[in-house]
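input.tsv (TSV, C-alpha atoms) appears below.
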```
chain	number	residue	atom	x	y	z
W	306	MET	CA	0.60	-33.93	3.98
W	307	ALA	CA	0.88	-30.24	4.87
W	308	ARG	CA	2.86	-29.12	7.91
W	309	ILE	CA	0.63	-27.45	10.52
W	310	PRO	CA	2.78	-26.49	13.53
W	311	ASP	CA	1.03	-26.60	16.92
W	312	ASP	CA	2.30	-23.25	18.19
W	313	LEU	CA	0.77	-20.95	15.57
W	314	PHE	CA	-2.53	-19.16	15.08
W	315	TYR	CA	-4.40	-19.78	11.81
W	316	THR	CA	-7.17	-18.14	9.78
W	317	GLU	CA	-9.86	-19.54	7.53
W	318	GLU	CA	-8.12	-17.65	4.72
W	319	HIS	CA	-5.13	-19.99	5.18
W	320	GLU	CA	-2.76	-17.52	6.80
W	321	TYR	CA	-0.81	-18.07	10.00
W	322	LEU	CA	0.43	-15.83	12.81
W	323	LYS	CA	3.61	-16.71	14.61
W	324	ALA	CA	4.69	-14.93	17.79
W	325	THR	CA	7.99	-13.05	17.59
W	326	ASP	CA	10.42	-12.04	20.34
W	327	GLU	CA	8.71	-8.64	20.50
W	328	GLU	CA	5.53	-8.66	22.53
W	329	GLY	CA	2.39	-8.03	20.46
W	330	VAL	CA	4.22	-8.48	17.13
W	331	PHE	CA	3.41	-11.47	14.95
W	332	GLN	CA	4.89	-12.84	11.76
W	333	VAL	CA	2.25	-13.48	9.10
W	334	GLY	CA	2.46	-15.79	6.10
W	335	VAL	CA	0.43	-18.31	4.15
W	336	THR	CA	0.26	-21.86	5.43
W	337	ASP	CA	2.07	-24.83	4.02
W	338	TYR	CA	-1.31	-26.21	2.94
W	339	ALA	CA	-2.12	-22.99	1.05
W	340	GLN	CA	1.20	-22.78	-0.76
W	341	GLY	CA	0.85	-26.39	-1.83
W	342	GLU	CA	-2.64	-25.83	-3.16
W	343	LEU	CA	-1.75	-22.59	-4.93
W	344	GLY	CA	1.33	-23.98	-6.66
W	345	ASP	CA	4.36	-21.98	-7.70
W	346	ILE	CA	4.22	-18.52	-6.12
W	347	VAL	CA	5.58	-16.07	-8.69
W	348	PHE	CA	4.82	-12.63	-7.22
W	349	LEU	CA	3.76	-10.92	-4.00
W	350	GLU	CA	2.61	-7.36	-3.49
W	351	LEU	CA	3.07	-6.47	0.17
W	352	PRO	CA	2.43	-3.33	2.24
W	353	SER	CA	5.06	-1.02	3.68
W	354	ALA	CA	6.13	-0.59	7.29
W	355	GLY	CA	3.80	1.87	9.00
W	356	ASP	CA	0.71	0.89	7.00
W	357	THR	CA	-2.26	0.03	9.17
W	358	PHE	CA	-5.08	-2.40	8.49
W	359	SER	CA	-8.30	-3.53	10.09
W	360	ARG	CA	-9.03	-7.23	10.35
W	361	MET	CA	-10.01	-8.67	6.94
W	362	ASP	CA	-8.78	-5.62	5.03
W	363	THR	CA	-6.89	-6.53	1.88
W	364	PHE	CA	-3.22	-5.92	2.67
W	365	GLY	CA	-1.60	-7.31	-0.47
W	366	THR	CA	-1.86	-9.82	-3.27
W	367	ILE	CA	-0.23	-13.14	-4.05
W	368	GLU	CA	0.13	-14.52	-7.57
W	369	ALA	CA	0.57	-18.23	-8.12
W	370	VAL	CA	1.07	-19.50	-11.64
W	371	LYS	CA	-1.38	-17.02	-13.23
W	372	ALA	CA	-3.88	-16.71	-10.40
W	373	VAL	CA	-4.05	-13.55	-8.32
W	374	SER	CA	-5.58	-13.73	-4.82
W	375	ASP	CA	-6.00	-11.03	-2.24
W	376	LEU	CA	-4.26	-11.33	1.12
W	377	TYR	CA	-6.42	-10.45	4.10
W	378	ALA	CA	-5.18	-8.91	7.34
W	379	PRO	CA	-5.75	-11.60	9.97
W	380	VAL	CA	-5.95	-8.99	12.74
W	381	THR	CA	-6.12	-5.23	13.12
W	382	GLY	CA	-2.67	-3.72	13.42
W	383	GLU	CA	0.34	-1.88	12.04
W	384	ILE	CA	2.85	-3.38	9.63
W	385	ILE	CA	6.27	-3.39	11.27
W	386	ALA	CA	8.13	-4.96	8.33
W	387	ALA	CA	7.55	-6.68	5.00
W	388	ASN	CA	9.80	-9.45	3.74
W	389	ASP	CA	11.78	-7.78	0.94
W	390	ALA	CA	13.48	-11.08	0.11
W	391	LEU	CA	10.25	-12.19	-1.56
W	392	ASP	CA	10.72	-9.52	-4.25
W	393	ASP	CA	13.68	-11.44	-5.61
W	394	ASP	CA	12.60	-14.93	-4.65
W	395	PRO	CA	8.86	-15.44	-4.14
W	396	SER	CA	9.45	-19.19	-4.21
W	397	LEU	CA	10.54	-18.90	-0.55
W	398	VAL	CA	6.81	-19.00	0.23
W	399	ASN	CA	6.72	-22.47	-1.32
W	400	SER	CA	9.95	-23.78	0.13
W	401	ASP	CA	9.77	-22.36	3.66
W	402	PRO	CA	6.35	-20.81	4.39
W	403	TYR	CA	6.84	-20.67	8.17
W	404	GLY	CA	10.42	-19.41	7.97
W	405	ALA	CA	12.13	-17.49	5.17
W	406	GLY	CA	8.83	-17.23	3.29
W	407	TRP	CA	7.14	-15.02	5.90
W	408	MET	CA	5.29	-12.05	4.39
W	409	VAL	CA	4.84	-9.32	7.02
W	410	ARG	CA	5.31	-8.63	10.71
W	411	ILE	CA	2.32	-6.92	12.27
W	412	ARG	CA	1.84	-5.24	15.65
W	413	VAL	CA	-1.56	-6.30	16.91
W	414	THR	CA	-3.77	-3.42	18.02
W	415	ASP	CA	-6.41	-5.48	19.82
W	416	PRO	CA	-5.04	-8.69	21.36
W	417	SER	CA	-8.60	-9.94	21.91
W	418	GLU	CA	-8.82	-10.55	18.13
W	419	LEU	CA	-6.35	-13.41	18.58
W	420	ASP	CA	-9.08	-15.29	20.45
W	421	ALA	CA	-11.09	-15.52	17.22
W	422	LEU	CA	-8.27	-17.23	15.31
W	423	LEU	CA	-7.97	-20.97	14.82
W	424	GLY	CA	-5.61	-23.25	16.71
W	425	ALA	CA	-3.67	-25.98	14.95
W	426	ASP	CA	-6.30	-28.66	15.58
W	427	ALA	CA	-9.12	-26.49	14.24
W	428	TYR	CA	-7.05	-25.62	11.19
W	429	ARG	CA	-6.24	-29.29	10.55
W	430	GLU	CA	-9.96	-29.95	10.61
W	431	LEU	CA	-10.60	-27.04	8.21
W	432	VAL	CA	-8.23	-28.47	5.62
W	433	GLY	CA	-9.36	-32.05	6.15
W	434	GLU	CA	-6.20	-33.23	7.84
W	435	GLY	CA	-7.62	-33.50	11.35
L	1401	MET	CA	-12.13	-6.49	-18.81
L	1402	ALA	CA	-14.19	-4.22	-16.56
L	1403	VAL	CA	-17.27	-6.26	-17.51
L	1404	ASP	CA	-15.48	-9.48	-16.55
L	1405	GLU	CA	-14.64	-8.04	-13.14
L	1406	ALA	CA	-18.15	-6.67	-12.69
L	1407	LEU	CA	-19.65	-10.09	-13.42
L	1408	ALA	CA	-17.36	-11.60	-10.79
L	1409	ARG	CA	-18.12	-8.95	-8.18
L	1410	CYS	CA	-21.88	-9.25	-8.75
L	1411	ARG	CA	-22.06	-13.05	-8.73
L	1412	ARG	CA	-25.02	-14.36	-6.75
L	1413	PRO	CA	-24.74	-17.44	-4.53
L	1414	GLY	CA	-25.17	-20.63	-6.49
L	1415	GLU	CA	-24.67	-18.94	-9.84
L	1416	ALA	CA	-21.92	-19.08	-12.41
L	1417	THR	CA	-21.44	-17.05	-15.57
L	1418	LEU	CA	-19.81	-17.66	-18.93
L	1419	ARG	CA	-19.16	-14.64	-21.12
L	1420	ILE	CA	-17.81	-14.94	-24.65
L	1421	TYR	CA	-16.69	-11.84	-26.50
L	1422	ARG	CA	-14.33	-10.31	-29.03
L	1423	TRP	CA	-12.55	-7.02	-29.36
L	1424	ALA	CA	-13.58	-3.90	-31.26
L	1425	ARG	CA	-9.91	-2.89	-31.66
L	1426	PRO	CA	-6.64	-4.73	-31.10
L	1427	THR	CA	-5.87	-4.37	-27.39
L	1428	LEU	CA	-2.78	-5.14	-25.37
L	1429	SER	CA	-3.72	-6.48	-21.93
L	1430	LEU	CA	-1.18	-6.56	-19.15
L	1431	GLY	CA	-1.22	-8.95	-16.22
L	1432	ARG	CA	-2.22	-7.52	-12.87
L	1433	ASN	CA	1.30	-7.69	-11.47
L	1434	GLN	CA	3.55	-7.60	-14.49
L	1435	PRO	CA	5.97	-4.72	-15.00
L	1436	ALA	CA	5.08	-2.68	-18.10
L	1437	ARG	CA	6.82	0.67	-17.74
L	1438	GLY	CA	9.22	1.20	-20.63
L	1439	ARG	CA	8.51	-2.16	-22.25
L	1440	TYR	CA	6.15	-0.88	-24.93
L	1441	ASP	CA	6.26	2.07	-27.31
L	1442	PRO	CA	3.21	4.35	-26.79
L	1443	HIS	CA	3.73	5.90	-30.23
L	1444	ALA	CA	3.60	2.46	-31.85
L	1445	LEU	CA	0.41	1.61	-29.99
L	1446	ARG	CA	-1.23	4.86	-31.10
L	1447	SER	CA	-0.11	4.66	-34.73
L	1448	LEU	CA	-1.25	1.03	-35.02
L	1449	GLY	CA	-4.58	1.74	-33.34
L	1450	VAL	CA	-3.93	-0.54	-30.38
L	1451	ASP	CA	-5.57	0.08	-26.99
L	1452	ALA	CA	-4.06	-1.05	-23.70
L	1453	VAL	CA	-5.61	-2.24	-20.46
L	1454	ARG	CA	-4.44	-3.69	-17.14
L	1455	ARG	CA	-6.17	-6.98	-16.39
L	1456	PRO	CA	-7.46	-7.92	-12.94
L	1457	THR	CA	-5.94	-11.37	-13.45
L	1458	GLY	CA	-2.37	-12.58	-13.23
L	1459	GLY	CA	-0.04	-13.73	-15.95
L	1460	ARG	CA	1.66	-11.81	-18.72
L	1461	GLU	CA	0.77	-9.63	-21.69
L	1462	VAL	CA	-1.61	-10.67	-24.45
L	1463	LEU	CA	-2.39	-8.89	-27.71
L	1464	HIS	CA	-6.12	-9.46	-28.15
L	1465	ASP	CA	-7.21	-9.19	-31.74
L	1466	ARG	CA	-8.49	-12.07	-33.87
L	1467	GLU	CA	-9.47	-14.27	-31.00
L	1468	LEU	CA	-12.36	-15.55	-28.95
L	1469	THR	CA	-12.18	-14.35	-25.37
L	1470	TYR	CA	-14.00	-16.24	-22.66
L	1471	ALA	CA	-14.65	-15.33	-19.05
L	1472	VAL	CA	-15.84	-17.90	-16.52
L	1473	VAL	CA	-17.13	-16.73	-13.13
L	1474	VAL	CA	-17.62	-19.51	-10.59
L	1475	PRO	CA	-17.74	-19.96	-6.82
L	1476	VAL	CA	-14.59	-21.26	-5.13
L	1477	ALA	CA	-14.13	-22.76	-1.70
L	1478	GLY	CA	-10.41	-22.60	-1.08
L	1479	PRO	CA	-6.99	-22.13	-2.63
L	1480	GLY	CA	-7.07	-25.58	-4.24
L	1481	SER	CA	-10.18	-24.68	-6.22
L	1482	LEU	CA	-8.19	-22.37	-8.45
L	1483	ARG	CA	-6.20	-25.13	-10.08
L	1484	THR	CA	-9.26	-27.38	-10.17
L	1485	VAL	CA	-11.24	-24.81	-12.16
L	1486	TYR	CA	-8.22	-24.06	-14.35
L	1487	HIS	CA	-7.95	-27.69	-15.41
L	1488	GLN	CA	-11.73	-28.10	-15.74
L	1489	VAL	CA	-11.98	-25.13	-18.11
L	1490	ASN	CA	-8.94	-26.19	-20.12
L	1491	ARG	CA	-10.16	-29.77	-20.48
L	1492	ALA	CA	-13.50	-28.43	-21.71
L	1493	LEU	CA	-11.69	-26.24	-24.24
L	1494	VAL	CA	-9.79	-29.30	-25.50
L	1495	GLN	CA	-13.16	-31.02	-25.99
L	1496	ALA	CA	-14.43	-27.98	-27.89
L	1497	LEU	CA	-11.37	-28.11	-30.12
L	1498	ALA	CA	-11.95	-31.79	-30.81
L	1499	ALA	CA	-15.50	-30.94	-31.90
L	1500	MET	CA	-13.97	-28.48	-34.37
L	1501	GLY	CA	-11.54	-31.06	-35.71
L	1502	VAL	CA	-8.47	-29.88	-33.81
L	1503	ARG	CA	-6.44	-32.27	-31.71
L	1504	GLY	CA	-5.42	-30.33	-28.62
L	1505	GLY	CA	-3.93	-31.23	-25.28
L	1506	LEU	CA	-2.68	-29.75	-22.04
L	1507	ALA	CA	0.89	-28.57	-21.54
L	1508	GLU	CA	2.95	-30.86	-19.32
L	1509	PRO	CA	4.34	-29.49	-16.08
L	1510	GLY	CA	7.69	-27.98	-16.90
L	1511	GLU	CA	10.13	-26.21	-14.70
L	1512	ARG	CA	8.99	-23.58	-12.25
L	1513	SER	CA	6.09	-21.40	-13.49
L	1514	PRO	CA	7.17	-18.19	-15.23
L	1515	ARG	CA	7.12	-14.91	-13.28
L	1516	PRO	CA	4.91	-12.02	-14.44
L	1517	ASP	CA	7.98	-10.32	-15.99
L	1518	ALA	CA	9.01	-13.39	-18.01
L	1519	GLY	CA	7.76	-12.19	-21.41
L	1520	ALA	CA	4.51	-12.48	-23.33
L	1521	CYS	CA	1.79	-14.95	-22.35
L	1522	PHE	CA	1.87	-16.73	-25.70
L	1523	GLY	CA	5.66	-16.86	-25.67
L	1524	GLU	CA	5.78	-19.84	-23.34
L	1525	PRO	CA	3.11	-22.25	-22.09
L	1526	ALA	CA	2.53	-22.84	-18.40
L	1527	ALA	CA	1.58	-26.28	-17.10
L	1528	GLY	CA	-1.99	-27.27	-17.98
L	1529	GLU	CA	-2.50	-24.73	-20.76
L	1530	VAL	CA	-4.20	-25.69	-24.00
L	1531	MET	CA	-1.77	-26.65	-26.75
L	1532	ALA	CA	-2.06	-27.88	-30.32
L	1533	ALA	CA	0.69	-28.98	-32.67
L	1534	GLY	CA	3.18	-28.32	-29.86
L	1535	ARG	CA	2.28	-24.64	-29.56
L	1536	LYS	CA	0.04	-22.64	-27.28
L	1537	LEU	CA	-3.49	-22.07	-28.58
L	1538	VAL	CA	-5.24	-20.68	-25.48
L	1539	GLY	CA	-3.82	-18.39	-22.80
L	1540	SER	CA	-5.75	-18.03	-19.54
L	1541	ALA	CA	-5.42	-16.25	-16.21
L	1542	GLN	CA	-7.34	-16.02	-12.93
L	1543	VAL	CA	-8.20	-13.76	-10.05
L	1544	ARG	CA	-9.89	-14.83	-6.84
L	1545	LEU	CA	-12.26	-12.27	-5.33
L	1546	GLY	CA	-13.32	-13.72	-1.98
L	1547	ALA	CA	-15.55	-16.70	-2.72
L	1548	THR	CA	-15.61	-16.02	-6.46
L	1549	LEU	CA	-13.11	-16.94	-9.15
L	1550	LEU	CA	-12.81	-15.16	-12.48
L	1551	GLN	CA	-10.89	-16.99	-15.16
L	1552	HIS	CA	-10.62	-15.48	-18.58
L	1553	GLY	CA	-8.59	-16.40	-21.59
L	1554	SER	CA	-7.89	-16.04	-25.29
L	1555	LEU	CA	-8.42	-18.68	-27.95
L	1556	LEU	CA	-6.48	-17.58	-31.02
L	1557	LEU	CA	-8.63	-17.68	-34.15
L	1558	ASP	CA	-6.24	-16.05	-36.59
L	1559	ARG	CA	-2.94	-14.24	-36.45
L	1560	SER	CA	-3.12	-10.54	-35.70
L	1561	PRO	CA	-1.71	-8.35	-38.46
L	1562	VAL	CA	-0.30	-6.11	-35.74
L	1563	GLY	CA	2.06	-8.46	-33.92
L	1564	LEU	CA	3.23	-7.92	-30.37
L	1565	GLU	CA	6.82	-7.29	-31.38
L	1566	SER	CA	5.80	-4.22	-33.38
L	1567	LEU	CA	4.57	-2.64	-30.14
L	1568	ALA	CA	7.72	-3.21	-28.10
L	1569	ALA	CA	9.88	-0.31	-27.01
L	1570	PRO	CA	13.27	-0.18	-28.75
L	1571	GLY	CA	15.58	-2.72	-27.20
L	1572	HIS	CA	12.80	-4.73	-25.57
L	1573	GLY	CA	12.10	-8.14	-27.07
L	1574	VAL	CA	8.70	-9.41	-25.92
L	1575	GLY	CA	8.69	-12.79	-27.69
L	1576	GLY	CA	4.99	-12.86	-28.16
L	1577	ASP	CA	3.93	-14.45	-31.42
L	1578	ARG	CA	4.87	-18.05	-30.85
L	1579	GLY	CA	1.33	-19.30	-30.30
L	1580	VAL	CA	-0.67	-21.14	-32.94
L	1581	THR	CA	-4.08	-20.13	-34.32
L	1582	LEU	CA	-7.15	-22.17	-35.25
L	1583	ARG	CA	-6.84	-20.99	-38.83
L	1584	GLU	CA	-3.28	-22.25	-39.05
L	1585	LEU	CA	-4.31	-25.60	-37.59
L	1586	LEU	CA	-7.31	-26.08	-39.85
L	1587	GLY	CA	-5.99	-24.38	-42.96
L	1588	ALA	CA	-9.17	-22.32	-43.20
L	1589	PRO	CA	-10.98	-19.81	-41.00
L	1590	LEU	CA	-13.87	-20.77	-38.71
L	1591	SER	CA	-16.63	-18.29	-37.99
L	1592	PHE	CA	-16.55	-16.65	-34.59
L	1593	ASP	CA	-20.13	-17.72	-33.93
L	1594	HIS	CA	-19.35	-21.36	-34.64
L	1595	VAL	CA	-16.35	-21.36	-32.31
L	1596	ALA	CA	-18.36	-19.49	-29.65
L	1597	SER	CA	-21.25	-21.93	-29.68
L	1598	THR	CA	-18.85	-24.91	-29.57
L	1599	VAL	CA	-16.94	-23.45	-26.62
L	1600	GLU	CA	-20.19	-22.56	-24.87
L	1601	ALA	CA	-21.53	-26.10	-25.25
L	1602	ALA	CA	-18.29	-27.66	-23.96
L	1603	LEU	CA	-18.09	-25.41	-20.90
L	1604	ALA	CA	-21.78	-25.72	-20.08
L	1605	GLY	CA	-21.45	-29.49	-20.30
L	1606	SER	CA	-18.37	-29.49	-18.11
L	1607	PHE	CA	-19.86	-27.36	-15.33
L	1608	GLY	CA	-23.34	-28.84	-15.52
L	1609	GLY	CA	-26.40	-27.21	-14.04
L	1610	SER	CA	-28.95	-25.27	-16.02
L	1611	TRP	CA	-27.80	-22.40	-18.18
L	1612	THR	CA	-29.69	-19.33	-19.37
L	1613	ARG	CA	-28.40	-17.26	-22.24
L	1614	ALA	CA	-28.48	-13.53	-21.45
L	1615	SER	CA	-28.02	-10.81	-24.02
L	1616	GLY	CA	-26.65	-8.12	-21.72
L	1617	LEU	CA	-25.90	-7.03	-18.20
L	1618	ASP	CA	-28.48	-6.52	-15.47
L	1619	PRO	CA	-28.72	-3.11	-13.78
L	1620	GLU	CA	-26.49	-4.10	-10.87
L	1621	GLU	CA	-23.79	-5.34	-13.22
L	1622	GLU	CA	-24.08	-2.23	-15.39
L	1623	GLY	CA	-23.67	-0.05	-12.33
L	1624	ARG	CA	-20.60	-2.00	-11.28
L	1625	VAL	CA	-19.06	-1.62	-14.74
L	1626	ARG	CA	-19.58	2.14	-14.53
L	1627	SER	CA	-17.86	2.27	-11.14
L	1628	LEU	CA	-14.95	0.12	-12.33
L	1629	LEU	CA	-14.45	1.81	-15.69
L	1630	PRO	CA	-12.39	4.84	-14.54
L	1631	ALA	CA	-9.73	2.53	-13.13
L	1632	TYR	CA	-9.60	0.50	-16.34
L	1633	LEU	CA	-9.22	3.70	-18.38
L	1634	ASP	CA	-6.53	5.11	-16.08
L	1635	ALA	CA	-3.23	5.23	-17.96
L	1636	ASP	CA	-1.27	5.38	-14.68
L	1637	ARG	CA	-2.84	2.13	-13.57
L	1638	THR	CA	-2.07	0.52	-16.91
L	1639	TRP	CA	1.49	1.72	-17.35
L	1640	GLY	CA	2.60	2.85	-13.89
L	1641	ARG	CA	3.95	-0.45	-12.69
```
Turn this file's structure into structure tokens for me.
Amino acid sequence: MARIPDDLFYTEEHEYLKATDEEGVFQVGVTDYAQGELGDIVFLELPSAGDTFSRMDTFGTIEAVKAVSDLYAPVTGEIIAANDALDDDPSLVNSDPYGAGWMVRIRVTDPSELDALLGADAYRELVGEG
Amino acid sequence: MAVDEALARCRRPGEATLRIYRWARPTLSLGRNQPARGRYDPHALRSLGVDAVRRPTGGREVLHDRELTYAVVVPVAGPGSLRTVYHQVNRALVQALAAMGVRGGLAEPGERSPRPDAGACFGEPAAGEVMAAGRKLVGSAQVRLGATLLQHGSLLLDRSPVGLESLAAPGHGVGGDRGVTLRELLGAPLSFDHVASTVEAALAGSFGGSWTRASGLDPEEEGRVRSLLPAYLDADRTWGR
């Protein structure tokens, strides 16, 4: 059964946002459910600090086994950092999706967009684990 | 490859597409994310008449030559659908092989899946790929475009006289010719049309629904191919990574 922590925001594209110590900055990654469904993550293409995206823009790609999927910006904002550790070890997304396997940190431009994201219960329902 | 992507980007709700094709010239295709710079010798490609293209799908390099290439475009609901379709297509291909007198099977899960820089696609099977006589017979890869999945792959009919190793840059081993071909398995060649119709029947049976055979692209798909083509012909896109 996938881990779905209560204190995160989720998207229908199976990404999560986790608040950081810096106000308005969130850590973004794929959920434990998503990594389990995708299988072995072998490559990630992530944006650079300073890049800006609107909600649902493609901000990178993730390759699992031999399947490439786009990554969608869950909110409008500016990339503060990308997780360089995934260049050397993309399997961190599989082993620790909510921790060492984070993908980017994003500064949210419009906090009202957070209201449209899913809570843990809604996400559990989405993936059939409610 | 641009046609495959166009078919995926133009998919209408409730529809799926199977395309079967072959190559006018030997062509080296590179996985969407695999590093290629410095790995191949451009002079060797030119002198041997080999084209090169960057695929929209993942995985590693394939030398397309004497093969049947299939592309399946289907709707997908979530991340789990990718593996479901992968296994559905591969099981159908195993059925097609059985109809041609070849006993195939799916590769067992091994260690962790190879990274895009791990050497040629046919050098090493990934879990669930189509095998025969202990060697890889079909190599496949996927890309998810929103609610649509494109999976395409190569069924080896006969060994290419070119050989992937002859294209490698000096000092770069690419380990690419370890797959097995239908001709080697059967001891005689099968016609492309026979293999194509057998594969078509197996996939249509596996996915169900009603199928219509089309002879070409519709205007929307043709327009999308034209808009995609410059990127597919862009040498920087192919070799810049």
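Of the listed residues W:Thr381, W:Ser359, W:Thr414, W:Ser396, the one whose atoms come nearest to Ile346 (chain W) is W:Ser396, with distances taken using all atoms listed in the file.
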| message | Which residue is closest to Leu376 (chain W)? Choose from W:Glu327, W:Asp362, W:Glu317, W:Asp345 and count only C-alpha atoms. | response |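 Between W:Glu327, W:Asp362, W:Glu317, W:Asp345, the residue approaching Leu376 (chain W) most closely is W:Asp362.
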| Which is closer to chain L than all the others in W:Ala378, W:Leu351, W:Ala386, W:Val373, using all atoms listed in the file? | W:Val373
| field | Neighbour list for Asn1490 (chain L) as a list in words, cut-off 9 Å, all atoms listed in the file, skip fewer than 5 positions in-chain | value | Val1485, Gln1495, Gly1505, Leu1506, Gly1528, Glu1529, Val1530, Val1538 and Ser1540 of chain L
| request: Would you please work out which residue, of L:Pro1514, L:Pro1509, L:Gly1608, L:Gly1414, is nearest to chain W when using only C-alpha atoms? | output: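 Under the stated criterion, the closest residue is L:Pro1514.
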| said: Based on all atoms listed in the file, which of the residues in chain W come within 9 Å of chain L? I want them as a PyMOL selection string. | reply: chain W and resi 318-319+338-350+368-375
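Atom to atom, CA of Glu328 (chain W) and CA of Pro416 (chain W) stand 10.6 Å apart.
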Can you list every residue of region 1408-1470 of chain L that has an atom at most 9 Å from region 1566-1570 of chain L, with its nearest atom pair and the distance in Å to one decimal, using all atoms listed in the file, ordered by chain then number, as JSON lines?
```
{"residue": "L:Gly1438", "atom": "CA", "partner": "L:Ala1569", "partner_atom": "CA", "distance": 6.6}
{"residue": "L:Arg1439", "atom": "CA", "partner": "L:Ala1569", "partner_atom": "CA", "distance": 5.3}
{"residue": "L:Tyr1440", "atom": "CA", "partner": "L:Ala1568", "partner_atom": "CA", "distance": 4.2}
{"residue": "L:Asp1441", "atom": "CA", "partner": "L:Ala1569", "partner_atom": "CA", "distance": 4.3}
{"residue": "L:Pro1442", "atom": "CA", "partner": "L:Leu1567", "partner_atom": "CA", "distance": 7.9}
{"residue": "L:His1443", "atom": "CA", "partner": "L:Leu1567", "partner_atom": "CA", "distance": 8.6}
{"residue": "L:Ala1444", "atom": "CA", "partner": "L:Leu1567", "partner_atom": "CA", "distance": 5.5}
{"residue": "L:Leu1445", "atom": "CA", "partner": "L:Leu1567", "partner_atom": "CA", "distance": 5.9}
{"residue": "L:Leu1448", "atom": "CA", "partner": "L:Leu1567", "partner_atom": "CA", "distance": 8.4}
{"residue": "L:Val1450", "atom": "CA", "partner": "L:Leu1567", "partner_atom": "CA", "distance": 8.8}
```
| query | CA of Val1595 (chain L) and CA of Tyr1421 (chain L), how far apart in Å? | reply |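 Here the two named atoms are 11.2 Å from each other.
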| Point-to-point distance from CA of Ser1606 (chain L) to CA of Pro1589 (chain L), Å rounded to tenths |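 Distance reported for this atom pair: 25.9 Å.
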| task | Compile the contact shell of Met361 (chain W) as a list in words: residues with an atom at most 8 Å away, counting all atoms listed in the file, same-chain residues fewer than 5 positions apart removed. | result | Tyr377, Ala378, Pro379 and Val380 of chain W
| field | Shortest interatomic distance to Leu1493 (chain L) - which of L:Val1599, L:Ala1471, L:Val1625, L:Ala1532, counting all atoms listed in the file | value | L:Val1599
| request: Skip region 433-435 of chain W itself and residues of its chain fewer than 5 positions away, then list as a ChimeraX atom specification all residues within 10 Å of it, counting only C-alpha atoms. | output: /W:306-309,338,425-428
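Distances to Leu1590 (chain L) were evaluated for L:Arg1613, L:Arg1466, L:Arg1412, L:Arg1446 using only C-alpha atoms, and the minimum falls at L:Arg1466.
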| message | Show me, as a ChimeraX atom specification, the residues that have an atom within 10 Å of Leu1564 (chain L) when counting only C-alpha atoms, minus same-chain residues fewer than 3 positions from it. | response | /L:1428,1440,1445,1461-1464,1520,1560-1561,1567-1568,1573-1577
| field | Residue list as a PyMOL selection string for point (-22.9, -11.9, -8.1), cut-off 10 Å, all atoms listed in the file | value | chain L and resi 1406-1417+1473-1475+1548+1620-1621
| request: Please write as a list in words the list of polymer residues whose atoms come within 10 Å of (3.4, -8.0, 4.5), counting all atoms listed in the file and keeping to the coordinates of the file. | output: Gln332, Val333, Gly334, Leu349, Glu350, Leu351, Pro352, Ser353, Ala354, Asp356, Phe364, Gly365, Thr366, Leu376, Ala378, Ile384, Ile385, Ala386, Ala387, Asn388, Asp389, Trp407, Met408, Val409, Arg410 and Ile411 of chain W
| message | Set the distance at 6 Å and use all atoms listed in the file: which residues neighbour Glu320 (chain W) once local chain neighbours fewer than 3 positions away are removed? I'd like the list as a list in words. | response |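 Returned residues: Tyr315, Thr316, Gly334, Val335 and Thr336 of chain W.
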Add whatever atoms are absent from region 1447-1456 of chain L to reach N, CA and C atoms, and provide the output as a compact mmCIF listing (two decimals), keeping the file's coordinate frame.
```
# COMPACT_ATOMS: atom_id res chain seq x y z
N SER L 1447 -0.12 4.65 -33.26
CA SER L 1447 -0.11 4.66 -34.73
C SER L 1447 -0.73 3.38 -35.29
N LEU L 1448 -0.66 2.28 -34.54
CA LEU L 1448 -1.25 1.03 -35.02
C LEU L 1448 -2.68 0.82 -34.52
N GLY L 1449 -3.19 1.82 -33.79
CA GLY L 1449 -4.58 1.74 -33.34
C GLY L 1449 -4.82 0.68 -32.28
N VAL L 1450 -3.84 0.49 -31.41
CA VAL L 1450 -3.93 -0.54 -30.38
C VAL L 1450 -4.22 0.10 -29.02
N ASP L 1451 -5.27 -0.36 -28.35
CA ASP L 1451 -5.57 0.08 -26.99
C ASP L 1451 -4.75 -0.75 -26.00
N ALA L 1452 -4.75 -0.29 -24.75
CA ALA L 1452 -4.06 -1.05 -23.70
C ALA L 1452 -4.90 -1.04 -22.44
N VAL L 1453 -4.82 -2.13 -21.69
CA VAL L 1453 -5.61 -2.24 -20.46
C VAL L 1453 -4.86 -3.12 -19.47
N ARG L 1454 -5.03 -2.85 -18.19
CA ARG L 1454 -4.44 -3.69 -17.14
C ARG L 1454 -5.50 -4.68 -16.68
N ARG L 1455 -5.21 -5.96 -16.79
CA ARG L 1455 -6.17 -6.98 -16.39
C ARG L 1455 -6.26 -7.09 -14.87
N PRO L 1456 -7.40 -7.61 -14.38
CA PRO L 1456 -7.46 -7.92 -12.94
C PRO L 1456 -6.78 -9.25 -12.62
```
